[in-house]
Every structure is written in C-alpha cells, then in structure tokens.
Amino acid sequence: MKDKTNKMITSRDVNFAEWYTDICRVADLVDYSSVKGSMIIRPYGYAIWENIVAVLDKKFKETGHVNVQMPMFIPESLFNLEKEHVEGFAPEVAWVTHGGSEELAERMLVRPTSEVLFCDHYKKIIKSYRDLPILYNQWCTIVRWEKETRPFLRSREILWQEGHTMHATREEAIEETLRMLNVYRDVQENYLALPVITGKKTEKEKFAGAEATYTLEAMMYDGIALQNGTSHYFGQGFAKAFGIQFLNKENKLETPYQTSWGVTTRMIGAIIMTHGDDLGLVLPPMIAPIKVAIIPIGDVNEILNQITELLKKEGITFVVDNSDKSPGFKFAEAEVKGYPLRLEVGKRDLEAGCVVLVRRDTLEKISVPIDEVISKIKELLINIQSNLYNRAKMRRDSMIYHANNYEEFLEIAKNKPGFIIGKWCGDVNCENKIKEDTTFKSRCIIDEENNGKCVCCGKEAHYNLYWGKQY
RNA sequence: CAGGAAGUAGCUUAAUUUGGUAGAGCACUUGGUUCGGGACCAAGAGGUUGCAGGUUCAAAUCCUGUCUUCCUGACCA
C-alpha cells in the first residue's frame, strides 16, 4: 500500500493547533467570515450540529421541557440587576448604542447569555405554586466579545442551547441541575463518543451568579481540557434580584429556585480533537450525517442500485461518489470527511460476490459477501461507535496522573500533558498559585473528603480535584 | 488584550530585498483516454495584489492607518 498521508493536513503530533484548523477547513466544516470570530458553519458542519440538536432536543422534551425564543437585546438597566452576573460578563459584551443614526437613550447589550431575559419574563408569568416548575429551553445564538477566537472552540457569536428553569423548592432545582448534567453526559458519551468527567466547579471557577456550577470536562488528544457543557444551580439569587415570587399552598409569598444549563457547537470541536487523525475527521456513527461513502470502481451500476435501495430501506445515510476522480482520490476524500464506513465495489469484488467495507476508525478493510452487506454495515457502525468511545477513554485514562505534593505536581504539569488528580485545602490562593506556576486550573471536584494534604500548600485537604490546562 | 508571523486567483505560492507588462502548481470548466490509494492529454476560464490613505512619471513592492488569519500567553462555553 502506498503512502497514505494527507498533504493538506498538518500532522497532529507536529502542530496540534494547525492540525485542528486544517481539519475544520479541509473537511468543509467551517469558513471564516469577514468579522473576526464569526464563523460560517458550512452544510457538512451544520449537518453534524443538526444531528446533535435532534438528539438533545428529544431528550429535553422527554424530560418535560418546552422551547421558547427570547429577544436578542438586553437593556443595560435590566442587565445590571444581578451584580455578580454583571461583573462576570461585562468585559465581553457587545453594545448596541444607535438605532439608525439616532443614539439610544439607554444602550442595550446583545445577550451573552439569557438569564436576565428569562427572569424578566418569569417575573410576569409566575404567580402561584401552580405555575411551577417552569421548564424552558432556547436554541439561539449569543454574543461574547472574545479576544482570541478559534472555529467551534471559541467564537464571538456562539450557537447554543440554554435551559432556564424555575422550581418551588431547592431540592427540586438541584435535582433538575443534576438531571440535565446527566442528559448531557448521556449524549456526549453515547452519541458523541466523548468520555467526560462530570463534577462541581470550585467557587473560583463557577458561573457568574450561580450558587453551584456542574461541568462536563473532556480531554482532547493533546491532553488539554475542553469544558463541554455546564449545568448551574442558581438558588434564589436571580429570583430575588428580579423580584420573582409566588404564592405557595399556604398562601404565603415565596421566592422560587432556579437552574440554567447549556451546551454549544464547541462539542463539534471536541469531536474533532478527540477522534480525528492525520487523515482527517473521524465521526461517531450516531451523529455522522453520512454513515457510508460508496465508491464504485468501474461500471458496477447494477449492484450499486441494489445496495443503495437496501440502505434507503434501512434508513442508513450514504453518498455515492460517481465523479470521474480516481479511486485513490475518492478514498482520501472519504477519509477527510470522516465517514464512518467506506464501501468499495469494483469488478474484482463482483467476481468474488463481495464488496469491501473500510472502517474509518481503524482503516481495516473487510471483504463482505453481497447478501451480508447490510447486516455487516449495521454491526460495524455499532462497533465503530463503541470503539471510538473506548479508544478515547483509554487514552484519557492513560493521561490522568496523581500528585501528592507540590513537587510532584510541578513535575507532572511540566512534563506530561493531561489531567492531574490532587487534593486541595479549599483556599483560592492555592488555585491561583497553581495557575500562576503551571497554567493548570481546577477542572472539577471529585469528592469532598477530609484526609490528606493540599497538593499546593500542604495543609489539611478538604477536596479531591481534577486539575488541567484548558482551551 | 500582550508578544510574534502573515495577507498576491478557491488553495499553496513567485515577483517585494533593488518600485517598471502580476507568473506557476493544485483545484475549477470543456472534450477525450483512464479507474483497487490523491491518474493522463489537449483546450479554457479565473487577479482593480485584504481595505483606506500617502509618496512617485510609475506601487504587489516604499510609508501610515485599519481589518483579517495563524502561533504563544492572559480571559472565557
């Protein structure tokens, strides 16, 4: 077999950042627009997003949520009602100051997230305990004026989903926060084949205005963490700031408890950086827009029609590359696009009564009798899905290290890409020091236990944490 | 936002040092031959050199500003 490297893609072991942007471009996922950080998601990239949306939206609805659409603009005075929230987001909001040529009496911001819009609305519609819970979700774009931008990972206009719920009791709201965290985990592990670590953020890392933030942390091929979604418990902070109250069964006024949770197209970045290789994208079958790329070699129309009819009947998506490119070109193209399976069929196969299936994850070529093609495709798609997950999990687990003291921590942080498990006293000064010395931040809390020493200061530890560098 | 690099056809780039007709490869179009790992022949189309000013008889080239992209940090989903 000849050299299979792709000249258009930088090797991921040579320069991971360039490899990433090469994949985004060569696989036709995105294009740049003329505004920094505003990416064009091209049809193939958007099809991946649509598949993820379909899975999530179904699960949101199964758990009782309904979709709404809120405005894009927030008046400054409304935004200012919750102080921590303002401090957290003020540095990165985009302001609208003019309507046509006239300056606005009050400037407005383009939503960087919609908590205040939902709260403003909830204030009007929540009156009784009978109105609760309110389980709303919104699919929309938000704007955060990021300084450094990268396709999918960090853009100024972010395509996402944000759930905002209100509950009569604290317990119910916390249950919701964790329920949605688990929905995210389910989708990321079982559909996107991304092993994720879930847990609570430290005070320093939690969402501006939240009482508790739960996160999903994925590890990319280069050992760097990608925060792949968050679920927040707000307590009554926003509700009090916005004066949201309801009458309970005893006819007494109470303040409701709130949650919010969101995931973005960043998940596509995570898929690329977890599964992709030097030949291109590798998509998990569950969310791949096209499951099978069919490459006919020579005139094989008759058998081709049989196979495509069967695939249609089974609802397995496919493309047939009938262009007059050479087979080698088509193979490479199918690899760049990350189609989970490639089906090659030529005269040589037909004489043997077979076709060739090629797995994108292992590049293994398998000759299959024609009457077993569909069942083999089904079997392989399932197998590829689980192989991608297991492979990513094994790699991740092999890059998680334990540090018992600061010397060990510094040594690992310096020399081994990945996560570090280390105990922590709970003092933000230790988090700051670790960040300053290593650029590692706390990813999330594993558990809260009272034994051992803080990996930084050596004092009594109260938490066990994952630490890591992040995108 | 700090530091660095770069913008010439869809992509990679030559011409920039020393100002003087923007040239190629890939991709694209048409016709033909091919076809099991990025095919070949022939013809064709594609550029106000990122944008805006300035210097000059003359600017891709020199100067100023600005926008965008990439890399390394800080910030963040």
# chains A, B, ... in the order shown; residues from 1 in each chain; ligands from 1
$ closest_atom_pairs --of "chain B" --to "chain A" --cutoff "6 Å" --atoms "only C-alpha atoms (C1' of nucleotides)" --output "Markdown table"
| residue | atom | partner | partner_atom | distance |
| --- | --- | --- | --- | --- |
| B:C35 | C1' | A:Ser326 | CA | 5.6 |
| B:G37 | C1' | A:Gly328 | CA | 4.1 |
| B:G38 | C1' | A:Phe329 | CA | 4.2 |
$ residues_around --residues "U17 in chain B" --least-positions-apart "2" --cutoff "12 Å" --atoms "only C-alpha atoms (C1' of nucleotides)" --output "number ranges by chain"
B: 15, 19, 61-62
$ select_by_dssp --residues "range 224-281 of chain A" --states "strand (DSSP E)" --output "mmCIF file with N, CA and C atoms, in the first residue's frame"
data_model
loop_
_atom_site.group_PDB
_atom_site.id
_atom_site.type_symbol
_atom_site.label_atom_id
_atom_site.label_comp_id
_atom_site.auth_asym_id
_atom_site.auth_seq_id
_atom_site.Cartn_x
_atom_site.Cartn_y
_atom_site.Cartn_z
ATOM 1 N N ALA A 225 -7.874 20.172 28.453
ATOM 2 C CA ALA A 225 -9.285 20.006 28.798
ATOM 3 C C ALA A 225 -10.161 20.927 27.973
ATOM 4 N N LEU A 226 -11.343 20.417 27.644
ATOM 5 C CA LEU A 226 -12.348 21.247 27.000
ATOM 6 C C LEU A 226 -13.611 21.156 27.850
ATOM 7 N N GLN A 227 -14.020 22.306 28.390
ATOM 8 C CA GLN A 227 -15.267 22.342 29.152
ATOM 9 C C GLN A 227 -16.396 22.247 28.157
ATOM 10 N N ASN A 228 -17.122 21.149 28.224
ATOM 11 C CA ASN A 228 -18.007 20.790 27.121
ATOM 12 C C ASN A 228 -19.477 20.967 27.455
ATOM 13 N N GLY A 229 -19.723 21.760 28.497
ATOM 14 C CA GLY A 229 -21.103 21.997 28.887
ATOM 15 C C GLY A 229 -21.156 22.269 30.373
ATOM 16 N N THR A 230 -22.183 23.012 30.791
ATOM 17 C CA THR A 230 -22.322 23.293 32.216
ATOM 18 C C THR A 230 -23.783 23.261 32.601
ATOM 19 N N SER A 231 -24.032 22.952 33.868
ATOM 20 C CA SER A 231 -25.375 22.978 34.426
ATOM 21 C C SER A 231 -25.270 23.712 35.757
ATOM 22 N N HIS A 232 -26.056 24.767 35.910
ATOM 23 C CA HIS A 232 -25.928 25.624 37.092
ATOM 24 C C HIS A 232 -27.153 25.554 37.990
ATOM 25 N N TYR A 233 -26.871 25.555 39.296
ATOM 26 C CA TYR A 233 -27.929 25.764 40.287
ATOM 27 C C TYR A 233 -27.780 27.191 40.782
ATOM 28 N N PHE A 234 -28.831 27.978 40.607
ATOM 29 C CA PHE A 234 -28.751 29.407 40.943
ATOM 30 C C PHE A 234 -29.258 29.740 42.329
ATOM 31 N N GLY A 235 -29.906 28.782 43.000
ATOM 32 C CA GLY A 235 -30.558 29.162 44.236
ATOM 33 C C GLY A 235 -31.593 30.228 43.950
ATOM 34 N N PHE A 246 -43.843 33.727 44.262
ATOM 35 C CA PHE A 246 -45.092 33.006 44.010
ATOM 36 C C PHE A 246 -45.779 32.714 45.343
ATOM 37 N N LEU A 247 -47.085 32.504 45.276
ATOM 38 C CA LEU A 247 -47.837 32.143 46.481
ATOM 39 C C LEU A 247 -47.847 30.633 46.621
ATOM 40 N N LEU A 253 -46.030 34.208 50.374
ATOM 41 C CA LEU A 253 -45.131 34.535 49.268
ATOM 42 C C LEU A 253 -43.792 33.829 49.438
ATOM 43 N N GLU A 254 -43.326 33.230 48.369
ATOM 44 C CA GLU A 254 -42.024 32.554 48.398
ATOM 45 C C GLU A 254 -41.232 32.928 47.156
ATOM 46 N N TYR A 257 -36.665 28.751 43.058
ATOM 47 C CA TYR A 257 -35.267 28.321 42.887
ATOM 48 C C TYR A 257 -35.032 28.043 41.404
ATOM 49 N N GLN A 258 -33.845 28.394 40.952
ATOM 50 C CA GLN A 258 -33.622 28.463 39.508
ATOM 51 C C GLN A 258 -32.431 27.610 39.066
ATOM 52 N N THR A 259 -32.490 27.153 37.786
ATOM 53 C CA THR A 259 -31.329 26.473 37.196
ATOM 54 C C THR A 259 -31.110 27.036 35.791
ATOM 55 N N SER A 260 -29.928 26.831 35.261
ATOM 56 C CA SER A 260 -29.719 27.012 33.817
ATOM 57 C C SER A 260 -28.625 26.056 33.381
ATOM 58 N N TRP A 261 -28.662 25.690 32.103
ATOM 59 C CA TRP A 261 -27.719 24.692 31.594
ATOM 60 C C TRP A 261 -27.563 24.882 30.097
ATOM 61 N N GLY A 262 -26.381 24.674 29.591
ATOM 62 C CA GLY A 262 -26.154 24.930 28.177
ATOM 63 C C GLY A 262 -25.008 24.125 27.585
ATOM 64 N N VAL A 263 -25.154 23.829 26.308
ATOM 65 C CA VAL A 263 -24.045 23.268 25.520
ATOM 66 C C VAL A 263 -24.013 23.989 24.175
ATOM 67 N N THR A 264 -22.861 23.967 23.537
ATOM 68 C CA THR A 264 -22.665 24.762 22.325
ATOM 69 C C THR A 264 -22.072 23.912 21.193
#
$ residues_around --residues "Asn464 in chain A" --least-positions-apart "3" --cutoff "9 Å" --atoms "only C-alpha atoms (C1' of nucleotides)" --output "list in words"
Ile421, Gly422, Lys423, Trp424, Cys425, Cys444, Ile445, Ile446, Asp447, Glu448, Glu449, Cys454 and Ala461 of chain A
$ write_last_selection --atoms "N, CA and C atoms" --output "tab-separated table (two decimals), in the first residue's frame"
chain	number	residue	atom	x	y	z
A	421	ILE	N	-4.80	14.49	39.29
A	421	ILE	CA	-5.68	14.40	40.45
A	421	ILE	C	-4.86	14.83	41.66
A	422	GLY	N	-5.36	15.84	42.36
A	422	GLY	CA	-4.61	16.33	43.52
A	422	GLY	C	-5.55	16.90	44.57
A	423	LYS	N	-5.18	16.74	45.83
A	423	LYS	CA	-6.04	17.22	46.91
A	423	LYS	C	-5.85	18.72	47.12
A	424	TRP	N	-6.88	19.32	47.72
A	424	TRP	CA	-6.90	20.78	47.81
A	424	TRP	C	-7.53	21.20	49.13
A	425	CYS	N	-6.94	22.25	49.73
A	425	CYS	CA	-7.41	22.71	51.04
A	425	CYS	C	-8.69	23.52	50.95
A	444	CYS	N	-12.68	20.16	38.10
A	444	CYS	CA	-13.88	19.96	38.91
A	444	CYS	C	-13.54	19.15	40.15
A	445	ILE	N	-14.48	19.17	41.09
A	445	ILE	CA	-14.28	18.47	42.36
A	445	ILE	C	-14.70	17.01	42.19
A	446	ILE	N	-13.82	16.11	42.61
A	446	ILE	CA	-14.15	14.68	42.55
A	446	ILE	C	-14.96	14.30	43.78
A	447	ASP	N	-14.44	14.64	44.94
A	447	ASP	CA	-15.20	14.42	46.16
A	447	ASP	C	-14.69	15.34	47.27
A	448	GLU	N	-15.47	15.41	48.30
A	448	GLU	CA	-15.10	16.27	49.42
A	448	GLU	C	-14.79	15.36	50.59
A	449	GLU	N	-13.51	15.13	50.80
A	449	GLU	CA	-13.15	14.24	51.89
A	449	GLU	C	-12.09	14.91	52.76
A	454	CYS	N	-3.18	19.23	51.14
A	454	CYS	CA	-3.34	20.03	49.93
A	454	CYS	C	-2.07	19.90	49.09
A	461	ALA	N	-6.36	18.87	53.61
A	461	ALA	CA	-7.17	18.96	52.39
A	461	ALA	C	-8.63	18.67	52.70
$ residues_around --residues "G31 in chain B" --least-positions-apart "3" --cutoff "12 Å" --atoms "only C-alpha atoms (C1' of nucleotides)" --output "ChimeraX atom specification"
/B:41-44
$ closest_residue --among "B:U69, B:G25, B:U34, B:A74" --to "A5 in chain B" --atoms "only C-alpha atoms (C1' of nucleotides)"
B:U69
$ select_by_dssp --residues "range 93-286 of chain A" --states "helix (DSSP H, G or I)" --output "ChimeraX atom specification"
/A:115-125,129-131,170-190,237-242,266-275
$ write_last_selection --atoms "C-alpha atoms" --output "tab-separated table (two decimals), in the first residue's frame"
chain	number	residue	atom	x	y	z
A	115	GLU	CA	-30.66	34.67	32.41
A	116	VAL	CA	-31.90	38.23	32.83
A	117	LEU	CA	-34.27	37.98	29.87
A	118	PHE	CA	-35.82	34.83	31.28
A	119	CYS	CA	-36.02	36.34	34.76
A	120	ASP	CA	-37.70	39.47	33.46
A	121	HIS	CA	-40.27	37.26	31.78
A	122	TYR	CA	-40.66	34.87	34.72
A	123	LYS	CA	-41.46	37.80	36.97
A	124	LYS	CA	-44.57	38.38	34.89
A	125	ILE	CA	-45.75	34.81	34.45
A	129	TYR	CA	-47.05	27.40	43.03
A	130	ARG	CA	-49.32	26.01	40.32
A	131	ASP	CA	-47.19	27.83	37.74
A	170	ARG	CA	-34.40	23.98	46.47
A	171	GLU	CA	-34.37	20.18	46.27
A	172	GLU	CA	-36.32	20.18	43.05
A	173	ALA	CA	-33.99	22.73	41.45
A	174	ILE	CA	-30.86	20.84	42.47
A	175	GLU	CA	-32.41	17.65	41.12
A	176	GLU	CA	-33.03	19.43	37.81
A	177	THR	CA	-29.45	20.72	37.68
A	178	LEU	CA	-28.12	17.19	38.07
A	179	ARG	CA	-30.74	15.66	35.79
A	180	MET	CA	-29.63	17.89	32.90
A	181	LEU	CA	-25.98	17.31	33.66
A	182	ASN	CA	-26.75	13.62	33.21
A	183	VAL	CA	-28.64	14.23	29.98
A	184	TYR	CA	-25.52	15.96	28.68
A	185	ARG	CA	-23.33	13.14	29.88
A	186	ASP	CA	-25.56	10.57	28.22
A	187	VAL	CA	-25.48	12.41	24.90
A	188	GLN	CA	-21.76	13.10	24.96
A	189	GLU	CA	-20.78	9.57	25.93
A	190	ASN	CA	-23.33	7.55	23.98
A	237	GLY	CA	-30.03	34.85	43.62
A	238	PHE	CA	-31.50	35.99	40.33
A	239	ALA	CA	-35.08	35.49	41.51
A	240	LYS	CA	-34.51	37.84	44.43
A	241	ALA	CA	-32.71	40.39	42.30
A	242	PHE	CA	-35.60	40.37	39.86
A	266	ARG	CA	-17.95	23.58	20.90
A	267	MET	CA	-18.94	19.91	21.17
A	268	ILE	CA	-18.12	19.61	17.47
A	269	GLY	CA	-14.64	20.90	18.29
A	270	ALA	CA	-14.42	18.22	20.97
A	271	ILE	CA	-15.38	15.51	18.47
A	272	ILE	CA	-12.72	16.73	16.06
A	273	MET	CA	-9.99	16.92	18.71
A	274	THR	CA	-10.89	13.61	20.33
A	275	HIS	CA	-11.43	11.31	17.36
$ atom_distance --atom1 "CA of His462 in chain A" --atom2 "CA of Lys204 in chain A"
15.6 Å
$ residues_around --residues "A6 in chain B" --least-positions-apart "2" --cutoff "12 Å" --atoms "only C-alpha atoms (C1' of nucleotides)" --output "list in words"
G4, G50, U68, U69, C70 and C71 of chain B
$ write_last_selection --atoms "C-alpha atoms (C1' of nucleotides)" --output "compact mmCIF listing (two decimals), in the first residue's frame"
# COMPACT_ATOMS: atom_id res chain seq x y z
C1' G B 4 5.35 37.11 17.30
C1' G B 50 -7.19 42.37 2.27
C1' U B 68 -8.50 39.58 8.90
C1' U B 69 -5.90 34.94 9.73
C1' C B 70 -2.23 31.88 12.25
C1' C B 71 1.13 30.91 16.51
$ atom_distance --atom1 "C1' of G36 in chain B" --atom2 "CA of Glu372 in chain A"
21.0 Å
$ closest_residue --among "A:Met220, A:Ile142, A:Met108, A:Ala168" --to "A77 in chain B" --atoms "only C-alpha atoms (C1' of nucleotides)"
A:Ile142
$ residues_around --residues "Tyr339 in chain A" --least-positions-apart "4" --cutoff "8 Å" --atoms "only C-alpha atoms (C1' of nucleotides)" --output "MDAnalysis selection string"
chainID A and resid 282:283 288 290:293 334:335 360
$ write_last_selection --atoms "N, CA and C atoms" --output "compact mmCIF listing (two decimals), in the first residue's frame"
# COMPACT_ATOMS: atom_id res chain seq x y z
N VAL A 282 -12.89 12.12 12.02
CA VAL A 282 -13.46 10.80 12.28
C VAL A 282 -14.75 11.04 13.06
N LEU A 283 -15.89 10.68 12.47
CA LEU A 283 -17.16 10.97 13.13
C LEU A 283 -17.77 9.72 13.76
N ALA A 288 -22.95 11.08 12.73
CA ALA A 288 -22.40 11.33 11.39
C ALA A 288 -23.54 11.57 10.41
N ILE A 290 -23.50 11.34 7.26
CA ILE A 290 -23.46 10.29 6.26
C ILE A 290 -22.70 9.11 6.86
N LYS A 291 -23.34 7.96 6.89
CA LYS A 291 -22.73 6.80 7.55
C LYS A 291 -21.81 6.04 6.60
N VAL A 292 -22.20 5.97 5.33
CA VAL A 292 -21.45 5.14 4.38
C VAL A 292 -21.14 5.92 3.10
N ALA A 293 -19.86 5.95 2.74
CA ALA A 293 -19.46 6.54 1.47
C ALA A 293 -19.24 5.40 0.49
N ALA A 334 -13.03 10.54 1.31
CA ALA A 334 -13.93 9.92 2.29
C ALA A 334 -13.29 9.93 3.68
N GLU A 335 -11.97 9.78 3.71
CA GLU A 335 -11.27 9.81 4.99
C GLU A 335 -11.26 11.21 5.59
N ARG A 360 -13.46 3.65 9.14
CA ARG A 360 -12.68 4.88 9.25
C ARG A 360 -11.86 4.90 10.53
